[in-house]
Amino acid sequence: MIKPLMILSALTLATPATAQQTFAVPEGCTGTLTLQQKGCVLVNVWSCEADNPGDQWLALIGQGGLFSVQKVDDEFQWLEAYKITGNEMLEVPAPDPASLTELFENQIDTWDFTILTDDGPERNVGYDMLTGETTVIDGVTLFITNYDGRTLDAEGNEIQASAGRQYVSQDLRLFFFGESWDAATPDQVTDMSPVDFIFPGDPGFFSNQPIYECNQMETGYQP
């Protein structure tokens, strides 16, 4: 099993603004995708021989550098996350685990799972639903989804409620950010839609620098 904290430490050292313009793939792993998104966010994706088949790692890089490393399985369950704000782990078994298989078979996937954080457990409940629409971004066909979810603390108090539209690839077994908004301020929309899909051998593959909407205050994903 690869040690995720060691990965995060090594990758953080490898990706400051003054470093080389490429991102190091961890030993024993293979890079599969780089995604340049709106909102000044770059995502590098890789898989590792030591993991279960279908598991994937995602490194999220913003204008200030690497801020999160996440591990997901073939159903896009969020198994582990190692962030500058703390570590997170999926509590298993989940009452209603996230499932790409269910989403594509039934056009909707409900979920109810708990993430164990350094500040305590956080329960996430909601759904993803296919809209029936597809789009092509940089040559990649994506299904469009709507989602709605809430995050609750250990006492059942609502921490956050959000909704939005995302993209999902049946072939890549990955979700991608789209438009999102807080339930309390639905008019304040954050757009982090994909722009460039970069595969092995393409220019910019496993870069360490996001390039879109970076010369302004970051309004995208916050760790």
# chains A, B, ... in the order shown; residues from 1 in each chain; ligands from 1
$ residues_around --residues "Gly164 (chain A)" --least-positions-apart "3" --cutoff "9 Å" --atoms "only C-alpha atoms" --output "PyMOL selection string"
chain A and resi 145-148+178-182+189
$ write_last_selection --atoms "N, CA and C atoms" --output "PDB file, in the first residue's frame"
ATOM      1  N   THR A 145     -24.763  15.985 -15.461  1.00  0.00           N
ATOM      2  CA  THR A 145     -25.547  15.592 -14.302  1.00  0.00           C
ATOM      3  C   THR A 145     -26.005  16.816 -13.523  1.00  0.00           C
ATOM      4  N   ASN A 146     -27.085  16.645 -12.789  1.00  0.00           N
ATOM      5  CA  ASN A 146     -27.466  17.565 -11.726  1.00  0.00           C
ATOM      6  C   ASN A 146     -27.188  16.881 -10.399  1.00  0.00           C
ATOM      7  N   TYR A 147     -26.793  17.663  -9.416  1.00  0.00           N
ATOM      8  CA  TYR A 147     -26.615  17.076  -8.092  1.00  0.00           C
ATOM      9  C   TYR A 147     -27.158  18.013  -7.034  1.00  0.00           C
ATOM     10  N   ASP A 148     -27.475  17.424  -5.890  1.00  0.00           N
ATOM     11  CA  ASP A 148     -27.933  18.190  -4.740  1.00  0.00           C
ATOM     12  C   ASP A 148     -27.455  17.435  -3.504  1.00  0.00           C
ATOM     13  N   GLY A 178     -18.223  21.144 -12.559  1.00  0.00           N
ATOM     14  CA  GLY A 178     -18.947  21.972 -13.512  1.00  0.00           C
ATOM     15  C   GLY A 178     -19.333  23.267 -12.829  1.00  0.00           C
ATOM     16  N   GLU A 179     -20.629  23.537 -12.787  1.00  0.00           N
ATOM     17  CA  GLU A 179     -21.144  24.713 -12.098  1.00  0.00           C
ATOM     18  C   GLU A 179     -21.724  24.291 -10.746  1.00  0.00           C
ATOM     19  N   SER A 180     -21.480  25.111  -9.717  1.00  0.00           N
ATOM     20  CA  SER A 180     -22.001  24.793  -8.394  1.00  0.00           C
ATOM     21  C   SER A 180     -22.398  26.076  -7.686  1.00  0.00           C
ATOM     22  N   TRP A 181     -23.282  25.928  -6.698  1.00  0.00           N
ATOM     23  CA  TRP A 181     -23.715  27.070  -5.911  1.00  0.00           C
ATOM     24  C   TRP A 181     -24.172  26.585  -4.549  1.00  0.00           C
ATOM     25  N   ASP A 182     -24.054  27.471  -3.573  1.00  0.00           N
ATOM     26  CA  ASP A 182     -24.548  27.187  -2.237  1.00  0.00           C
ATOM     27  C   ASP A 182     -26.057  27.384  -2.225  1.00  0.00           C
ATOM     28  N   VAL A 189     -22.783  31.595  -8.708  1.00  0.00           N
ATOM     29  CA  VAL A 189     -22.396  30.330  -9.350  1.00  0.00           C
ATOM     30  C   VAL A 189     -20.890  30.296  -9.565  1.00  0.00           C
TER      31      VAL A 189
END
$ residues_around --residues "Glu102 (chain A)" --least-positions-apart "4" --cutoff "12 Å" --atoms "only C-alpha atoms" --output "ChimeraX atom specification"
/A:75-76,96-98,106-111,127-130,170
$ atom_distance --atom1 "CA of Arg165 (chain A)" --atom2 "CA of Thr135 (chain A)"
12.6 Å
$ select_by_dssp --residues "region 70-212 of chain A" --states "alpha helix (DSSP H)" --output "list in words"
Leu100, Thr101, Glu102, Leu103, Phe104, Glu105 and Asn106 of chain A
$ write_last_selection --atoms "C-alpha atoms" --output "mmCIF file, in the first residue's frame"
data_model
loop_
_atom_site.group_PDB
_atom_site.id
_atom_site.type_symbol
_atom_site.label_atom_id
_atom_site.label_comp_id
_atom_site.auth_asym_id
_atom_site.auth_seq_id
_atom_site.Cartn_x
_atom_site.Cartn_y
_atom_site.Cartn_z
ATOM 1 C CA LEU A 100 -21.383 5.198 -10.949
ATOM 2 C CA THR A 101 -22.881 1.838 -11.903
ATOM 3 C CA GLU A 102 -26.196 2.771 -10.306
ATOM 4 C CA LEU A 103 -26.103 6.207 -11.899
ATOM 5 C CA PHE A 104 -25.702 4.839 -15.417
ATOM 6 C CA GLU A 105 -28.174 2.008 -14.914
ATOM 7 C CA ASN A 106 -30.937 4.034 -13.248
#
$ closest_residue --among "A:Gly31, A:Gly156, A:Gly65, A:Gly126" --to "Pro210 (chain A)" --atoms "only C-alpha atoms"
A:Gly65
$ closest_residue --among "A:Met89, A:Ala184, A:Ala154, A:Leu35" --to "Ile137 (chain A)" --atoms "only C-alpha atoms"
A:Leu35
$ closest_residue --among "A:Lys38, A:Ser162, A:Val25, A:Thr134" --to "Pro194 (chain A)" --atoms "only C-alpha atoms"
A:Lys38
$ closest_residue --among "A:Phe206, A:Trp57, A:Phe199, A:Tyr82" --to "Leu174 (chain A)" --atoms "only C-alpha atoms"
A:Trp57
$ residues_around --residues "Thr117 (chain A)" --least-positions-apart "5" --cutoff "10 Å" --atoms "only C-alpha atoms" --output "list in words"
Ala81, Thr85, Gly86, Asn87, Glu88, Met89, Leu90 and Glu122 of chain A
$ closest_residue --among "A:Val92, A:Ile144, A:Ala161, A:Cys29" --to "Ser47 (chain A)" --atoms "only C-alpha atoms"
A:Cys29
$ select_by_dssp --residues "region 56-207 of chain A" --states "strand (DSSP E or B)" --output "CSV table (one decimal) with C-alpha atoms, in the first residue's frame"
chain,number,residue,atom,x,y,z
A,56,GLN,CA,-7.5,6.2,-9.0
A,57,TRP,CA,-5.6,9.1,-7.4
A,58,LEU,CA,-6.3,12.8,-8.2
A,59,ALA,CA,-4.0,15.7,-7.3
A,60,LEU,CA,-5.7,19.1,-7.3
A,61,ILE,CA,-3.4,22.1,-8.0
A,62,GLY,CA,-4.4,25.7,-7.7
A,65,GLY,CA,0.3,24.9,-5.7
A,66,LEU,CA,-0.9,21.5,-4.7
A,67,PHE,CA,-3.7,21.6,-2.1
A,68,SER,CA,-5.3,18.1,-2.2
A,69,VAL,CA,-4.6,14.5,-3.0
A,70,GLN,CA,-7.6,12.2,-3.2
A,71,LYS,CA,-8.2,8.5,-3.8
A,72,VAL,CA,-11.4,7.2,-5.4
A,78,TRP,CA,-14.2,9.2,-2.2
A,79,LEU,CA,-12.0,6.8,-0.2
A,80,GLU,CA,-9.2,9.0,1.2
A,81,ALA,CA,-8.1,12.7,0.9
A,82,TYR,CA,-5.0,14.3,2.1
A,83,LYS,CA,-5.3,18.1,2.2
A,86,GLY,CA,-6.4,18.0,7.2
A,87,ASN,CA,-6.9,14.3,6.3
A,88,GLU,CA,-10.2,12.6,5.5
A,89,MET,CA,-11.3,8.9,5.3
A,90,LEU,CA,-14.5,7.2,4.1
A,96,ASP,CA,-25.8,4.2,0.7
A,108,ILE,CA,-30.0,8.6,-10.6
A,109,ASP,CA,-27.7,7.6,-7.7
A,110,THR,CA,-28.6,8.6,-4.2
A,111,TRP,CA,-25.8,8.6,-1.6
A,112,ASP,CA,-25.5,8.6,2.2
A,113,PHE,CA,-21.9,8.3,3.5
A,114,THR,CA,-19.7,9.6,6.3
A,115,ILE,CA,-16.3,11.2,5.9
A,116,LEU,CA,-14.0,11.0,9.0
A,117,THR,CA,-12.1,14.3,9.2
A,120,GLY,CA,-15.0,14.9,13.4
A,121,PRO,CA,-17.3,12.9,11.2
A,122,GLU,CA,-19.2,14.6,8.4
A,123,ARG,CA,-22.3,12.9,6.9
A,124,ASN,CA,-23.0,13.6,3.2
A,125,VAL,CA,-26.5,12.9,1.8
A,126,GLY,CA,-27.8,13.7,-1.6
A,127,TYR,CA,-28.0,12.5,-5.2
A,128,ASP,CA,-26.5,12.7,-8.7
A,129,MET,CA,-28.9,12.5,-11.6
A,130,LEU,CA,-28.2,12.3,-15.4
A,131,THR,CA,-30.0,15.0,-17.3
A,132,GLY,CA,-30.1,13.0,-20.5
A,133,GLU,CA,-27.8,15.4,-22.2
A,134,THR,CA,-24.2,14.9,-23.3
A,135,THR,CA,-21.5,17.3,-24.4
A,136,VAL,CA,-18.1,17.0,-26.0
A,137,ILE,CA,-15.2,18.9,-24.4
A,140,VAL,CA,-14.1,13.8,-24.8
A,141,THR,CA,-17.8,12.8,-24.6
A,142,LEU,CA,-19.3,13.6,-21.2
A,143,PHE,CA,-22.7,13.1,-19.6
A,144,ILE,CA,-24.2,16.1,-17.8
A,145,THR,CA,-25.5,15.6,-14.3
A,146,ASN,CA,-27.5,17.6,-11.7
A,147,TYR,CA,-26.6,17.1,-8.1
A,148,ASP,CA,-27.9,18.2,-4.7
A,149,GLY,CA,-26.3,17.4,-1.4
A,150,ARG,CA,-26.0,18.3,2.3
A,151,THR,CA,-23.2,17.9,4.7
A,152,LEU,CA,-24.1,17.3,8.4
A,158,GLU,CA,-26.3,21.2,8.5
A,159,ILE,CA,-22.8,22.4,7.7
A,160,GLN,CA,-23.3,23.0,4.0
A,161,ALA,CA,-26.0,22.6,1.4
A,162,SER,CA,-25.0,22.8,-2.3
A,163,ALA,CA,-26.2,22.0,-5.7
A,164,GLY,CA,-25.0,22.2,-9.3
A,165,ARG,CA,-24.3,20.6,-12.6
A,166,GLN,CA,-21.3,18.3,-13.2
A,167,TYR,CA,-19.8,16.1,-15.9
A,168,VAL,CA,-19.2,12.4,-15.7
A,169,SER,CA,-17.3,10.0,-18.1
A,174,LEU,CA,-14.5,10.0,-13.3
A,175,PHE,CA,-16.7,12.9,-12.3
A,176,PHE,CA,-15.5,16.4,-13.3
A,177,PHE,CA,-16.4,19.8,-11.8
A,178,GLY,CA,-18.9,22.0,-13.5
A,179,GLU,CA,-21.1,24.7,-12.1
A,180,SER,CA,-22.0,24.8,-8.4
A,181,TRP,CA,-23.7,27.1,-5.9
A,182,ASP,CA,-24.5,27.2,-2.2
A,190,THR,CA,-18.9,28.9,-9.4
A,191,ASP,CA,-17.9,27.5,-12.8
A,194,PRO,CA,-13.2,21.2,-17.9
A,195,VAL,CA,-11.4,23.0,-20.7
A,196,ASP,CA,-8.5,20.7,-21.8
A,197,PHE,CA,-8.2,16.9,-21.5
A,198,ILE,CA,-4.5,16.0,-21.8
A,207,SER,CA,1.9,19.8,-15.8
